[in-house]
Every structure is written in C-alpha cells, then in structure tokens.
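Source file: input21.pdb. Holds: PDB, C-alpha atoms and all ligand atoms.
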ATOM      1  CA  MET V   1      -3.404  24.878   0.278  1.00  0.00           C
ATOM      2  CA  SER V   2      -0.562  23.843  -2.024  1.00  0.00           C
ATOM      3  CA  ILE V   3       0.508  20.218  -2.355  1.00  0.00           C
ATOM      4  CA  GLU V   4       3.780  21.177  -0.668  1.00  0.00           C
ATOM      5  CA  GLN V   5       1.902  22.603   2.336  1.00  0.00           C
ATOM      6  CA  ALA V   6      -0.487  19.657   2.494  1.00  0.00           C
ATOM      7  CA  LEU V   7       2.423  17.219   2.410  1.00  0.00           C
ATOM      8  CA  ALA V   8       4.104  19.091   5.246  1.00  0.00           C
ATOM      9  CA  ARG V   9       0.903  18.816   7.298  1.00  0.00           C
ATOM     10  CA  VAL V  10       0.606  15.088   6.690  1.00  0.00           C
ATOM     11  CA  ARG V  11       4.253  14.579   7.635  1.00  0.00           C
ATOM     12  CA  GLU V  12       3.574  16.559  10.796  1.00  0.00           C
ATOM     13  CA  ARG V  13       0.566  14.365  11.632  1.00  0.00           C
ATOM     14  CA  ILE V  14       2.699  11.258  11.168  1.00  0.00           C
ATOM     15  CA  ALA V  15       5.521  12.646  13.320  1.00  0.00           C
ATOM     16  CA  LYS V  16       3.104  13.574  16.106  1.00  0.00           C
ATOM     17  CA  ALA V  17       1.437  10.178  16.001  1.00  0.00           C
ATOM     18  CA  GLU V  18       4.826   8.437  16.213  1.00  0.00           C
ATOM     19  CA  ILE V  19       5.714  10.466  19.296  1.00  0.00           C
ATOM     20  CA  ALA V  20       2.274  10.021  20.884  1.00  0.00           C
ATOM     21  CA  CYS V  21       2.623   6.246  20.930  1.00  0.00           C
ATOM     22  CA  GLY V  22       6.329   6.102  21.686  1.00  0.00           C
ATOM     23  CA  ARG V  23       7.489   4.927  18.300  1.00  0.00           C
ATOM     24  CA  ALA V  24      10.796   5.983  16.793  1.00  0.00           C
ATOM     25  CA  PRO V  25      10.631   9.132  14.630  1.00  0.00           C
ATOM     26  CA  GLY V  26      10.740   8.098  10.991  1.00  0.00           C
ATOM     27  CA  SER V  27       9.466   4.566  11.619  1.00  0.00           C
ATOM     28  CA  VAL V  28       6.354   5.160   9.496  1.00  0.00           C
ATOM     29  CA  ASP V  29       6.715   5.654   5.746  1.00  0.00           C
ATOM     30  CA  LEU V  30       4.349   7.811   3.721  1.00  0.00           C
ATOM     31  CA  LEU V  31       2.868   6.540   0.477  1.00  0.00           C
ATOM     32  CA  ALA V  32       1.348   9.384  -1.554  1.00  0.00           C
ATOM     33  CA  VAL V  33      -1.764   7.958  -3.208  1.00  0.00           C
ATOM     34  CA  SER V  34      -1.888   9.768  -6.526  1.00  0.00           C
ATOM     35  CA  LYS V  35      -4.661   7.832  -8.310  1.00  0.00           C
ATOM     36  CA  THR V  36      -6.842  10.071 -10.527  1.00  0.00           C
ATOM     37  CA  ARG V  37      -4.433  12.995 -10.063  1.00  0.00           C
ATOM     38  CA  PRO V  38      -2.600  14.578 -13.002  1.00  0.00           C
ATOM     39  CA  VAL V  39       1.145  14.174 -13.518  1.00  0.00           C
ATOM     40  CA  ALA V  40       1.618  17.835 -12.537  1.00  0.00           C
ATOM     41  CA  ASP V  41       0.436  16.956  -9.009  1.00  0.00           C
ATOM     42  CA  LEU V  42       2.984  14.155  -8.748  1.00  0.00           C
ATOM     43  CA  ARG V  43       5.697  16.528  -9.927  1.00  0.00           C
ATOM     44  CA  ALA V  44       4.709  18.988  -7.208  1.00  0.00           C
ATOM     45  CA  ALA V  45       4.936  16.249  -4.575  1.00  0.00           C
ATOM     46  CA  LEU V  46       8.267  15.090  -5.990  1.00  0.00           C
ATOM     47  CA  ALA V  47       9.618  18.633  -5.774  1.00  0.00           C
ATOM     48  CA  ALA V  48       8.565  18.604  -2.113  1.00  0.00           C
ATOM     49  CA  GLY V  49      10.626  15.475  -1.472  1.00  0.00           C
ATOM     50  CA  GLN V  50       8.000  12.723  -1.882  1.00  0.00           C
ATOM     51  CA  HIS V  51       9.381   9.676  -3.690  1.00  0.00           C
ATOM     52  CA  ARG V  52       6.868   6.913  -2.946  1.00  0.00           C
ATOM     53  CA  PHE V  53       3.628   6.947  -4.954  1.00  0.00           C
ATOM     54  CA  GLY V  54       0.597   4.653  -4.914  1.00  0.00           C
ATOM     55  CA  GLU V  55      -1.654   4.035  -7.916  1.00  0.00           C
ATOM     56  CA  SER V  56      -4.855   1.992  -8.317  1.00  0.00           C
ATOM     57  CA  TYR V  57      -5.572   1.860 -12.044  1.00  0.00           C
ATOM     58  CA  VAL V  58      -3.104   0.049 -14.288  1.00  0.00           C
ATOM     59  CA  GLN V  59      -3.327   2.066 -17.499  1.00  0.00           C
ATOM     60  CA  GLU V  60      -3.361   5.407 -15.717  1.00  0.00           C
ATOM     61  CA  ALA V  61      -0.327   4.318 -13.711  1.00  0.00           C
ATOM     62  CA  LEU V  62       1.614   3.179 -16.783  1.00  0.00           C
ATOM     63  CA  ASP V  63       1.076   6.600 -18.378  1.00  0.00           C
ATOM     64  CA  LYS V  64       2.447   8.338 -15.270  1.00  0.00           C
ATOM     65  CA  ILE V  65       5.385   5.943 -14.950  1.00  0.00           C
ATOM     66  CA  ALA V  66       6.319   6.748 -18.555  1.00  0.00           C
ATOM     67  CA  ALA V  67       5.842  10.487 -18.065  1.00  0.00           C
ATOM     68  CA  LEU V  68       8.072  10.486 -14.972  1.00  0.00           C
ATOM     69  CA  ALA V  69      10.749   8.097 -16.251  1.00  0.00           C
ATOM     70  CA  GLY V  70      14.176   9.028 -14.952  1.00  0.00           C
ATOM     71  CA  HIS V  71      12.901  10.353 -11.613  1.00  0.00           C
ATOM     72  CA  ASP V  72      13.741   8.553  -8.406  1.00  0.00           C
ATOM     73  CA  ILE V  73      10.291   7.108  -7.683  1.00  0.00           C
ATOM     74  CA  GLU V  74       9.161   3.942  -5.937  1.00  0.00           C
ATOM     75  CA  TRP V  75       5.847   2.861  -7.535  1.00  0.00           C
ATOM     76  CA  HIS V  76       3.298   0.968  -5.442  1.00  0.00           C
ATOM     77  CA  PHE V  77       0.233  -0.711  -6.947  1.00  0.00           C
ATOM     78  CA  ILE V  78      -2.623  -0.630  -4.416  1.00  0.00           C
ATOM     79  CA  GLY V  79      -5.818  -1.274  -6.407  1.00  0.00           C
ATOM     80  CA  PRO V  80      -7.762  -4.408  -7.261  1.00  0.00           C
ATOM     81  CA  LEU V  81      -5.754  -6.305  -9.884  1.00  0.00           C
ATOM     82  CA  GLN V  82      -7.318  -8.397 -12.630  1.00  0.00           C
ATOM     83  CA  SER V  83      -5.212 -11.326 -13.771  1.00  0.00           C
ATOM     84  CA  ASN V  84      -5.079 -10.071 -17.347  1.00  0.00           C
ATOM     85  CA  LYS V  85      -3.330  -6.890 -16.151  1.00  0.00           C
ATOM     86  CA  SER V  86      -0.845  -8.498 -13.802  1.00  0.00           C
ATOM     87  CA  ARG V  87       2.031  -8.440 -16.287  1.00  0.00           C
ATOM     88  CA  ALA V  88       2.121  -4.645 -16.343  1.00  0.00           C
ATOM     89  CA  VAL V  89       2.395  -4.575 -12.549  1.00  0.00           C
ATOM     90  CA  ALA V  90       5.091  -7.276 -12.545  1.00  0.00           C
ATOM     91  CA  GLU V  91       7.126  -5.316 -15.091  1.00  0.00           C
ATOM     92  CA  HIS V  92       6.697  -1.720 -13.956  1.00  0.00           C
ATOM     93  CA  PHE V  93       6.119  -1.543 -10.204  1.00  0.00           C
ATOM     94  CA  HIS V  94       8.343  -1.948  -7.153  1.00  0.00           C
ATOM     95  CA  TRP V  95       5.510  -2.981  -4.821  1.00  0.00           C
ATOM     96  CA  CYS V  96       2.018  -4.505  -4.993  1.00  0.00           C
ATOM     97  CA  HIS V  97      -0.162  -4.217  -1.865  1.00  0.00           C
ATOM     98  CA  SER V  98      -3.334  -5.788  -3.195  1.00  0.00           C
ATOM     99  CA  ILE V  99      -2.593  -9.489  -3.592  1.00  0.00           C
ATOM    100  CA  ASP V 100      -5.882 -11.180  -2.730  1.00  0.00           C
ATOM    101  CA  ARG V 101      -5.484 -14.682  -4.174  1.00  0.00           C
ATOM    102  CA  LEU V 102      -2.824 -17.331  -4.526  1.00  0.00           C
ATOM    103  CA  LYS V 103      -3.207 -17.538  -8.295  1.00  0.00           C
ATOM    104  CA  LEU V 104      -2.420 -13.826  -8.672  1.00  0.00           C
ATOM    105  CA  ALA V 105       0.731 -14.197  -6.587  1.00  0.00           C
ATOM    106  CA  ARG V 106       1.934 -17.124  -8.702  1.00  0.00           C
ATOM    107  CA  ARG V 107       1.264 -15.171 -11.881  1.00  0.00           C
ATOM    108  CA  LEU V 108       3.141 -12.087 -10.670  1.00  0.00           C
ATOM    109  CA  SER V 109       6.104 -14.228  -9.660  1.00  0.00           C
ATOM    110  CA  ASP V 110       6.152 -15.920 -13.072  1.00  0.00           C
ATOM    111  CA  GLN V 111       5.874 -12.570 -14.856  1.00  0.00           C
ATOM    112  CA  ARG V 112       8.429 -10.617 -12.814  1.00  0.00           C
ATOM    113  CA  PRO V 113      11.454 -10.083 -15.074  1.00  0.00           C
ATOM    114  CA  ASP V 114      14.691 -11.753 -13.916  1.00  0.00           C
ATOM    115  CA  THR V 115      16.476  -8.471 -14.459  1.00  0.00           C
ATOM    116  CA  LEU V 116      14.496  -6.760 -11.679  1.00  0.00           C
ATOM    117  CA  PRO V 117      14.678  -7.315  -7.919  1.00  0.00           C
ATOM    118  CA  PRO V 118      11.769  -9.337  -6.484  1.00  0.00           C
ATOM    119  CA  LEU V 119       8.418  -7.547  -6.475  1.00  0.00           C
ATOM    120  CA  GLN V 120       7.754  -6.405  -2.893  1.00  0.00           C
ATOM    121  CA  ILE V 121       4.291  -7.533  -1.881  1.00  0.00           C
ATOM    122  CA  CYS V 122       1.638  -7.309   0.787  1.00  0.00           C
ATOM    123  CA  LEU V 123      -1.358  -9.602   1.093  1.00  0.00           C
ATOM    124  CA  GLN V 124      -4.594  -7.671   1.297  1.00  0.00           C
ATOM    125  CA  VAL V 125      -6.917  -8.804   4.082  1.00  0.00           C
ATOM    126  CA  ASN V 126     -10.633  -8.044   4.155  1.00  0.00           C
ATOM    127  CA  ILE V 127     -10.314  -7.155   7.806  1.00  0.00           C
ATOM    128  CA  SER V 128     -13.873  -5.887   8.311  1.00  0.00           C
ATOM    129  CA  GLY V 129     -15.452  -8.721   6.319  1.00  0.00           C
ATOM    130  CA  GLU V 130     -17.196  -6.408   3.854  1.00  0.00           C
ATOM    131  CA  ALA V 131     -18.775  -8.042   0.813  1.00  0.00           C
ATOM    132  CA  SER V 132     -17.774  -5.050  -1.339  1.00  0.00           C
ATOM    133  CA  LYS V 133     -14.050  -5.262  -0.548  1.00  0.00           C
ATOM    134  CA  SER V 134     -11.456  -7.605  -1.907  1.00  0.00           C
ATOM    135  CA  GLY V 135      -8.819  -9.332   0.157  1.00  0.00           C
ATOM    136  CA  PHE V 136      -8.184 -12.676   1.787  1.00  0.00           C
ATOM    137  CA  ALA V 137     -10.592 -13.639   4.534  1.00  0.00           C
ATOM    138  CA  PRO V 138      -8.704 -13.248   7.846  1.00  0.00           C
ATOM    139  CA  GLU V 139      -8.913 -16.998   8.495  1.00  0.00           C
ATOM    140  CA  ALA V 140      -7.499 -17.848   5.048  1.00  0.00           C
ATOM    141  CA  VAL V 141      -4.500 -15.543   4.814  1.00  0.00           C
ATOM    142  CA  ALA V 142      -2.038 -17.519   6.931  1.00  0.00           C
ATOM    143  CA  ALA V 143      -2.304 -20.642   4.777  1.00  0.00           C
ATOM    144  CA  ALA V 144      -1.762 -18.629   1.592  1.00  0.00           C
ATOM    145  CA  ALA V 145       1.161 -16.722   3.113  1.00  0.00           C
ATOM    146  CA  GLY V 146       3.159 -19.920   3.569  1.00  0.00           C
ATOM    147  CA  GLU V 147       3.150 -20.721  -0.126  1.00  0.00           C
ATOM    148  CA  ILE V 148       3.436 -17.123  -1.327  1.00  0.00           C
ATOM    149  CA  ALA V 149       6.499 -16.532   0.840  1.00  0.00           C
ATOM    150  CA  SER V 150       8.328 -19.215  -1.135  1.00  0.00           C
ATOM    151  CA  LEU V 151       7.633 -17.821  -4.634  1.00  0.00           C
ATOM    152  CA  PRO V 152      10.956 -16.937  -6.243  1.00  0.00           C
ATOM    153  CA  HIS V 153      10.326 -13.502  -7.748  1.00  0.00           C
ATOM    154  CA  LEU V 154       8.228 -12.033  -4.961  1.00  0.00           C
ATOM    155  CA  GLN V 155       9.275 -10.842  -1.534  1.00  0.00           C
ATOM    156  CA  LEU V 156       6.442 -11.089   0.964  1.00  0.00           C
ATOM    157  CA  ARG V 157       6.738  -8.012   3.195  1.00  0.00           C
ATOM    158  CA  GLY V 158       3.475  -7.982   5.125  1.00  0.00           C
ATOM    159  CA  LEU V 159      -0.238  -7.262   5.140  1.00  0.00           C
ATOM    160  CA  MET V 160      -2.487  -4.490   3.845  1.00  0.00           C
ATOM    161  CA  ALA V 161      -6.055  -3.613   4.792  1.00  0.00           C
ATOM    162  CA  ILE V 162      -8.717  -1.007   4.112  1.00  0.00           C
ATOM    163  CA  PRO V 163     -11.015  -1.314   7.143  1.00  0.00           C
ATOM    164  CA  ALA V 164     -14.641  -0.215   7.029  1.00  0.00           C
ATOM    165  CA  ARG V 165     -14.976   3.546   7.391  1.00  0.00           C
ATOM    166  CA  GLU V 166     -15.344   4.303  11.072  1.00  0.00           C
ATOM    167  CA  SER V 167     -15.317   7.636  12.910  1.00  0.00           C
ATOM    168  CA  ASP V 168     -14.809   6.174  16.397  1.00  0.00           C
ATOM    169  CA  VAL V 169     -11.075   5.985  17.103  1.00  0.00           C
ATOM    170  CA  ALA V 170     -11.343   2.967  19.406  1.00  0.00           C
ATOM    171  CA  ARG V 171     -13.087   1.024  16.657  1.00  0.00           C
ATOM    172  CA  GLN V 172     -10.564   2.206  14.061  1.00  0.00           C
ATOM    173  CA  ARG V 173      -7.819   0.914  16.315  1.00  0.00           C
ATOM    174  CA  ALA V 174      -9.552  -2.412  16.861  1.00  0.00           C
ATOM    175  CA  ALA V 175      -9.529  -3.170  13.125  1.00  0.00           C
ATOM    176  CA  PHE V 176      -5.855  -2.238  12.782  1.00  0.00           C
ATOM    177  CA  ALA V 177      -5.003  -4.305  15.846  1.00  0.00           C
ATOM    178  CA  ARG V 178      -6.611  -7.331  14.178  1.00  0.00           C
ATOM    179  CA  LEU V 179      -4.362  -6.889  11.146  1.00  0.00           C
ATOM    180  CA  ARG V 180      -1.282  -6.681  13.357  1.00  0.00           C
ATOM    181  CA  ALA V 181      -2.315  -9.804  15.267  1.00  0.00           C
ATOM    182  CA  LEU V 182      -2.744 -11.668  11.977  1.00  0.00           C
ATOM    183  CA  ARG V 183       0.738 -10.587  10.901  1.00  0.00           C
ATOM    184  CA  ASP V 184       2.152 -11.838  14.205  1.00  0.00           C
ATOM    185  CA  ALA V 185       0.326 -15.162  13.806  1.00  0.00           C
ATOM    186  CA  ILE V 186       1.701 -15.604  10.268  1.00  0.00           C
ATOM    187  CA  ASP V 187       5.235 -14.842  11.448  1.00  0.00           C
ATOM    188  CA  LYS V 188       4.923 -17.477  14.137  1.00  0.00           C
ATOM    189  CA  GLU V 189       3.288 -20.151  11.995  1.00  0.00           C
ATOM    190  CA  HIS V 190       5.733 -19.840   9.083  1.00  0.00           C
ATOM    191  CA  GLY V 191       8.880 -18.591  10.816  1.00  0.00           C
ATOM    192  CA  LEU V 192       8.743 -15.281   8.949  1.00  0.00           C
ATOM    193  CA  ALA V 193       9.591 -11.752  10.073  1.00  0.00           C
ATOM    194  CA  LEU V 194       7.160  -9.656   8.039  1.00  0.00           C
ATOM    195  CA  ASP V 195       8.167  -6.017   8.441  1.00  0.00           C
ATOM    196  CA  THR V 196       5.271  -4.176   6.797  1.00  0.00           C
ATOM    197  CA  LEU V 197       1.785  -3.217   7.924  1.00  0.00           C
ATOM    198  CA  SER V 198       0.259  -1.107   5.146  1.00  0.00           C
ATOM    199  CA  MET V 199      -2.654   0.511   6.955  1.00  0.00           C
ATOM    200  CA  GLY V 200      -4.060   3.958   7.645  1.00  0.00           C
ATOM    201  CA  MET V 201      -5.338   6.598   5.214  1.00  0.00           C
ATOM    202  CA  THR V 202      -6.178  10.293   5.457  1.00  0.00           C
ATOM    203  CA  GLY V 203      -9.013   9.759   7.948  1.00  0.00           C
ATOM    204  CA  ASP V 204      -7.448   7.238  10.291  1.00  0.00           C
ATOM    205  CA  LEU V 205      -3.669   7.348  10.057  1.00  0.00           C
ATOM    206  CA  GLU V 206      -3.164   8.188  13.755  1.00  0.00           C
ATOM    207  CA  ALA V 207      -5.095   5.079  14.822  1.00  0.00           C
ATOM    208  CA  ALA V 208      -3.125   2.946  12.364  1.00  0.00           C
ATOM    209  CA  ILE V 209       0.206   4.275  13.624  1.00  0.00           C
ATOM    210  CA  ALA V 210      -0.838   3.601  17.220  1.00  0.00           C
ATOM    211  CA  GLU V 211      -1.406  -0.035  16.206  1.00  0.00           C
ATOM    212  CA  GLY V 212       1.871  -0.491  14.374  1.00  0.00           C
ATOM    213  CA  ALA V 213       1.439   0.742  10.800  1.00  0.00           C
ATOM    214  CA  THR V 214       4.784   0.961   9.013  1.00  0.00           C
ATOM    215  CA  LEU V 215       3.376   2.591   5.892  1.00  0.00           C
ATOM    216  CA  VAL V 216       0.340   4.852   5.636  1.00  0.00           C
ATOM    217  CA  ARG V 217      -1.384   5.464   2.300  1.00  0.00           C
ATOM    218  CA  VAL V 218      -2.577   9.052   2.009  1.00  0.00           C
ATOM    219  CA  GLY V 219      -4.374  10.560  -0.976  1.00  0.00           C
ATOM    220  CA  THR V 220      -6.913  13.226  -0.036  1.00  0.00           C
ATOM    221  CA  GLY V 221      -4.722  14.693   2.709  1.00  0.00           C
ATOM    222  CA  ILE V 222      -2.002  15.483   0.159  1.00  0.00           C
ATOM    223  CA  PHE V 223      -3.816  16.119  -3.114  1.00  0.00           C
ATOM    224  CA  GLY V 224      -7.306  17.197  -1.987  1.00  0.00           C
ATOM    225  CA  GLU V 225     -10.663  15.576  -2.698  1.00  0.00           C
ATOM    226  CA  ARG V 226     -10.901  13.247  -5.701  1.00  0.00           C
ATOM    227  CA  ASP V 227     -13.660  13.691  -8.286  1.00  0.00           C
ATOM    228  CA  ARG V 228     -14.426   9.968  -8.600  1.00  0.00           C
TER     229      ARG V 228
HETATM  230  C1  LIG B 301      -7.576   5.768  -2.486  1.00  0.00           C
HETATM  231  C2  LIG B 301      -6.848   4.879  -1.558  1.00  0.00           C
HETATM  232  C3  LIG B 301      -6.170   5.395  -0.428  1.00  0.00           C
HETATM  233  C4  LIG B 301      -6.146   6.857  -0.067  1.00  0.00           C
HETATM  234  O1  LIG B 301      -7.315   7.233   0.590  1.00  0.00           O
HETATM  235  P1  LIG B 301      -7.498   8.736   1.177  1.00  0.00           P
HETATM  236  O2  LIG B 301      -8.675   8.604   2.064  1.00  0.00           O
HETATM  237  O3  LIG B 301      -7.705   9.629   0.008  1.00  0.00           O
HETATM  238  O4  LIG B 301      -6.259   9.070   1.920  1.00  0.00           O
HETATM  239  C5  LIG B 301      -5.474   4.501   0.352  1.00  0.00           C
HETATM  240  N1  LIG B 301      -5.448   3.184   0.087  1.00  0.00           N
HETATM  241  C6  LIG B 301      -6.083   2.644  -0.973  1.00  0.00           C
HETATM  242  C7  LIG B 301      -5.997   1.187  -1.219  1.00  0.00           C
HETATM  243  C8  LIG B 301      -6.812   3.475  -1.820  1.00  0.00           C
HETATM  244  O5  LIG B 301      -7.448   2.930  -2.865  1.00  0.00           O
END

Turn the structure described in the file into structure tokens.
Ligand SMILES: *Cc1c(COP(=O)(O)O)cnc(C)c1O
Amino acid sequence: MSIEQALARVRERIAKAEIACGRAPGSVDLLAVSKTRPVADLRAALAAGQHRFGESYVQEALDKIAALAGHDIEWHFIGPLQSNKSRAVAEHFHWCHSIDRLKLARRLSDQRPDTLPPLQICLQVNISGEASKSGFAPEAVAAAAGEIASLPHLQLRGLMAIPARESDVARQRAAFARLRALRDAIDKEHGLALDTLSMGMTGDLEAAIAEGATLVRVGTGIFGERDR
C-alpha cells in the first residue's frame, strides 16, 4: 500500500470513530509519526496533504527539518528529551508533547527564541505507571501544571500519554479516560481550559477518540512497520 493510500485509510478510521461516538467531524487532528522514516516518506505524506509531523530523535529531526525547509509543516517533538538537547527543540519545533519534569519546562521556556510564538506543549503522564516509561506520575502532574502554565515562552495545551499496550478495548478506554479526568481536574484546580489530549496510536486510536482525544499520533498505520 502506498503512503497516500495508508493515509487515506487512517483518515477514514478517524472519521468513522468521530461519528461512532458523536463527535464533530474534523475534531480530531492527525499527527503523522515519521521517526526513523526517510525524508522521501515525509514528502509522500506532504503530497497527500499531511502537514503535521511527529519526531522522537533530535538529530534525526533536525536533519529532516532542514531538508524540508520552506514547506508548510508543523513539527511536533514526541520523544524523551534530555536537557542537553532541549535547545534544539526550543528553536526548531512548534510543539513538544513529552515534557516530563518541571526543570525541562523551565529550560525550554528560557531557550525559546523571542522571535517565535510560544512553544505549544503537553505534559506527558505515565498513565499506566510503567517503570520503563517517562512522564509525570498521575498524582504529581496537577501541581507541576500550575507553574508550567505561567512560563512565558510556553503555551500549555494539554496532556499526552502512551498507555501500556492493551488489546482489550475496554481497558484501552479506561487508560484514556484516566488521562481525560486528569486534564479536567487540572482545568478545575488552576482555572485553565486545556484543549489538547494527545492520545491514541495505530493500535488504539478508536478507543482514544471515544474518550476525547483531540490529536492522535500515528506512525505504523501511515508508514508501515519500523525496523527499530
Ligand atoms: C512511535 C510513537 C507513536 C506511533 O506509534 P505507532 O504504533 O507506530 O502508530 C506515537 N507516539 C509516540 C510517543 C511514539 O513514540
């Protein structure tokens, strides 16, 4: 299947899921997760009308951003971010979904150039409590959100999670529902109106949409299996 055909299928899945749970058509955005894929694959997706790309490795992403300069692309950083690489994200990305500590948020705000709009951010939550995954503990994220929301060069948009892999749809939904409830609790506690729930991937995007995802991050479904 070509990337164009695969993209059309993913868009169809999203549209069906929106209808199935009574959400407005077009209320869920698609992030094409292009990590490990060659620039030619991004060009194919671009030609098929995809303008939002997600990357997980800083150096690889910088090479692609340079190669595709001049195209209308919104770049999202979604991988674990070491402090010593934060400047590149602050200077070259529109979004960062993987903020997992207060110190990283402060650094990104300090490093975001004045000439750019605020970096759009999500706080990553370790929603299934897995030792191998990064993210704020669910009980710690609300306190951090209060301070992060006031940083000058960041705009806190919402929460992101990568729940434990789960084939049972009810259990998939339960994890996504917990993320939504946390978002609602943060809104209430800090008087915010966070508009983004970054949740759902190739294997579970329908469950995420049913629980309120506003942006799904899809790699395999668009570009095929990754080698790594
Ligand atoms: C790789 C990745 C995805 C995409 O996963 P697929 O199962 O290939 O759709 C989504 N989100 C994050 C944070 C990722 O690292």

message: Is it possible to get the residues within 10 Å of (-1.0, -7.8, -0.4) (coordinates as in the file, counting only C-alpha atoms) written as JSON, numbers by chain?
response: {"V": [77, 78, 95, 96, 97, 98, 99, 100, 101, 105, 120, 121, 122, 123, 124, 125, 135, 136, 141, 145, 156, 157, 158, 159, 160, 161, 197, 198]}

Saved selection, atoms kept: C-alpha atoms, as a short mmCIF file (atom, residue, chain, number, x, y, z; two decimals), in the coordinates of the input:
data_model
loop_
_atom_site.label_atom_id
_atom_site.label_comp_id
_atom_site.auth_asym_id
_atom_site.auth_seq_id
_atom_site.Cartn_x
_atom_site.Cartn_y
_atom_site.Cartn_z
CA PHE V 77 0.23 -0.71 -6.95
CA ILE V 78 -2.62 -0.63 -4.42
CA TRP V 95 5.51 -2.98 -4.82
CA CYS V 96 2.02 -4.50 -4.99
CA HIS V 97 -0.16 -4.22 -1.86
CA SER V 98 -3.33 -5.79 -3.20
CA ILE V 99 -2.59 -9.49 -3.59
CA ASP V 100 -5.88 -11.18 -2.73
CA ARG V 101 -5.48 -14.68 -4.17
CA ALA V 105 0.73 -14.20 -6.59
CA GLN V 120 7.75 -6.40 -2.89
CA ILE V 121 4.29 -7.53 -1.88
CA CYS V 122 1.64 -7.31 0.79
CA LEU V 123 -1.36 -9.60 1.09
CA GLN V 124 -4.59 -7.67 1.30
CA VAL V 125 -6.92 -8.80 4.08
CA GLY V 135 -8.82 -9.33 0.16
CA PHE V 136 -8.18 -12.68 1.79
CA VAL V 141 -4.50 -15.54 4.81
CA ALA V 145 1.16 -16.72 3.11
CA LEU V 156 6.44 -11.09 0.96
CA ARG V 157 6.74 -8.01 3.20
CA GLY V 158 3.48 -7.98 5.12
CA LEU V 159 -0.24 -7.26 5.14
CA MET V 160 -2.49 -4.49 3.84
CA ALA V 161 -6.06 -3.61 4.79
CA LEU V 197 1.78 -3.22 7.92
CA SER V 198 0.26 -1.11 5.15
#

Taking all atoms listed in the file into account, produce a table as a tab-separated table in which each residue of chain V with an atom at most 9 Å from an atom of ligand LIG 301 (chain B) appears once, together with its shortest atom pair and the distance in Å to one decimal, ordered by chain and rising number.
residue	atom	partner	partner_atom	distance
V:Leu31	CA	B:LIG301	C5	8.6
V:Ala32	CA	B:LIG301	C4	8.0
V:Val33	CA	B:LIG301	C4	5.5
V:Ser34	CA	B:LIG301	C1	8.0
V:Lys35	CA	B:LIG301	C1	6.8
V:Gly54	CA	B:LIG301	N1	8.0
V:Glu55	CA	B:LIG301	O5	7.8
V:Ser56	CA	B:LIG301	O5	6.1
V:Phe77	CA	B:LIG301	C7	8.7
V:Ile78	CA	B:LIG301	C7	5.0
V:Gly79	CA	B:LIG301	O5	5.7
V:Pro80	CA	B:LIG301	C7	8.4
V:His97	CA	B:LIG301	C7	8.0
V:Ser98	CA	B:LIG301	C7	7.7
V:Met160	CA	B:LIG301	C7	8.4
V:Ala161	CA	B:LIG301	C7	7.7
V:Ile162	CA	B:LIG301	C7	6.4
V:Ser198	CA	B:LIG301	N1	8.8
V:Met199	CA	B:LIG301	N1	7.9
V:Gly200	CA	B:LIG301	C5	7.4
V:Met201	CA	B:LIG301	O4	4.2
V:Thr202	CA	B:LIG301	O4	3.7
V:Gly203	CA	B:LIG301	O2	6.0
V:Asp204	CA	B:LIG301	O2	8.4
V:Leu205	CA	B:LIG301	O4	8.7
V:Val216	CA	B:LIG301	C5	7.9
V:Arg217	CA	B:LIG301	C5	4.6
V:Val218	CA	B:LIG301	O4	3.7
V:Gly219	CA	B:LIG301	O3	3.6
V:Thr220	CA	B:LIG301	O3	3.7
V:Gly221	CA	B:LIG301	O4	5.9
V:Ile222	CA	B:LIG301	O4	7.9
V:Phe223	CA	B:LIG301	O3	8.2
V:Gly224	CA	B:LIG301	O3	7.8
V:Glu225	CA	B:LIG301	O3	7.2
V:Arg226	CA	B:LIG301	O3	7.5

- request: Record the distance separating CA of Glu147 (chain V) and CA of Leu102 (chain V), expressed in Å with one decimal.
  value: 8.2 Å

Output the residue selection produced by the PyMOL selection byres (((chain V and resi 2) around 12) and not hetatm) on the file above, formatted as a PDB file with C-alpha atoms, in the frame of the given file.
ATOM      1  CA  MET V   1      -3.404  24.878   0.278  1.00  0.00           C
ATOM      2  CA  ILE V   3       0.508  20.218  -2.355  1.00  0.00           C
ATOM      3  CA  GLU V   4       3.780  21.177  -0.668  1.00  0.00           C
ATOM      4  CA  GLN V   5       1.902  22.603   2.336  1.00  0.00           C
ATOM      5  CA  ALA V   6      -0.487  19.657   2.494  1.00  0.00           C
ATOM      6  CA  LEU V   7       2.423  17.219   2.410  1.00  0.00           C
ATOM      7  CA  ALA V   8       4.104  19.091   5.246  1.00  0.00           C
ATOM      8  CA  ARG V   9       0.903  18.816   7.298  1.00  0.00           C
ATOM      9  CA  ASP V  41       0.436  16.956  -9.009  1.00  0.00           C
ATOM     10  CA  ALA V  44       4.709  18.988  -7.208  1.00  0.00           C
ATOM     11  CA  ALA V  45       4.936  16.249  -4.575  1.00  0.00           C
ATOM     12  CA  ALA V  48       8.565  18.604  -2.113  1.00  0.00           C
ATOM     13  CA  GLY V 221      -4.722  14.693   2.709  1.00  0.00           C
ATOM     14  CA  ILE V 222      -2.002  15.483   0.159  1.00  0.00           C
ATOM     15  CA  PHE V 223      -3.816  16.119  -3.114  1.00  0.00           C
ATOM     16  CA  GLY V 224      -7.306  17.197  -1.987  1.00  0.00           C
TER      17      GLY V 224
END

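The neighbours of Pro113 (chain V) here are the residues that come within 10 Å of it, using only C-alpha atoms and leaving out any residue fewer than 4 positions away in the same chain; they are Arg87, Ala90, Glu91, His92, Leu108, Ser109, Pro117, Pro118, Leu119 and His153 of chain V.
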